[in-house]
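K.L.:
Pasting a structure here, questions to come.
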Amino acid sequence: MYLAKEKKEEIFGKNGKSKTDTGSAESQIALFTYRINHLTSHLKENKKDHSSRLGLLRLVGKRRRLLDYLHNNDIERYRSILTELKIRK
């Protein structure tokens with residue numbers, strides 16, 4: 001797979017509470033953002049890869065639902081993750 005264990009630990013360590021914090025919304029959003037960026041660059045080269053495009057749309061939807069959850073429950077965490085990952089609403 002394109003995402004090594006070390007890269008995941010780096011993403012979780014930077015955005016979660018620890019390297020093994022895989023359940024918090026911030027760490028999941030960060031992982032989804034990394035995967036979305038990877039798929040976006042892949043689809044720029046392979047325009048007819050429709051199965052990857054569908055996977056990208058599903059990831060964007062999952063990330064959107066997690067961001068909506070943070071927005072409704074803890075607005076400060078929501079704002080911090082948006083600025084940290086440079087996601088625009």
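Naming scheme: A, B, ... for chains in displayed order of the structure tokens; residues 1 onward per chain; ligands 1 onward as shown.
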Show which residues sit within 10 Å of A:Gln28, as a PyMOL selection string. Count only C-alpha atoms, and ignore same-chain residues fewer than 6 positions away.
P.N.:
chain A and resi 11-12+15-16+21-22+34+62-63+66
K.L.:
Selection from above, C-alpha atoms, as a compact mmCIF listing (two decimals), in the first residue's frame, can you write it?
P.N.:
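Output file result_30.txt is given in full below:
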# COMPACT_ATOMS: atom_id res chain seq x y z
CA ILE A 11 0.21 11.80 10.84
CA PHE A 12 -1.36 10.53 14.07
CA ASN A 15 -2.61 15.61 14.77
CA GLY A 16 -3.71 13.21 17.48
CA ASP A 21 -4.31 7.70 18.68
CA THR A 22 -6.26 6.47 15.67
CA TYR A 34 -3.57 12.84 3.22
CA LYS A 62 -16.44 10.84 5.32
CA ARG A 63 -14.17 13.79 6.06
CA LEU A 66 -16.37 14.21 10.68
K.L.:
Near A:Ile29, counting only C-alpha atoms, which residues have an atom at most 12 Å away, once you skip same-chain residues fewer than 6 positions from it, shown as an MDAnalysis selection string?
P.N.:
chainID A and resid 11:12 15:16 22:23 35:36 59:70 77:78 80:82 84:87
K.L.:
For atom CA of A:Glu76 and atom CA of A:Glu9, quote the distance in Å rounded to one decimal.
P.N.:
24.1 Å
K.L.:
Which residues come within 12 Å of stretch 39-48 of chain A, counting only C-alpha atoms, excluding same-chain residues fewer than 6 positions away, as a ChimeraX atom specification?
P.N.:
/A:2-3,32-33,54-60
K.L.:
Going by DSSP on the backbone, which residues of chain A come out as helix (DSSP H, G or I)? List them as a ChimeraX atom specification.
P.N.:
/A:5-15,25-45,50-73,75-85
K.L.:
Quick one, how far is atom CA of A:Glu6 from atom CA of A:Leu31?
P.N.:
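Going from atom CA of A:Glu6 over to atom CA of A:Leu31, I get 12.7 Å.
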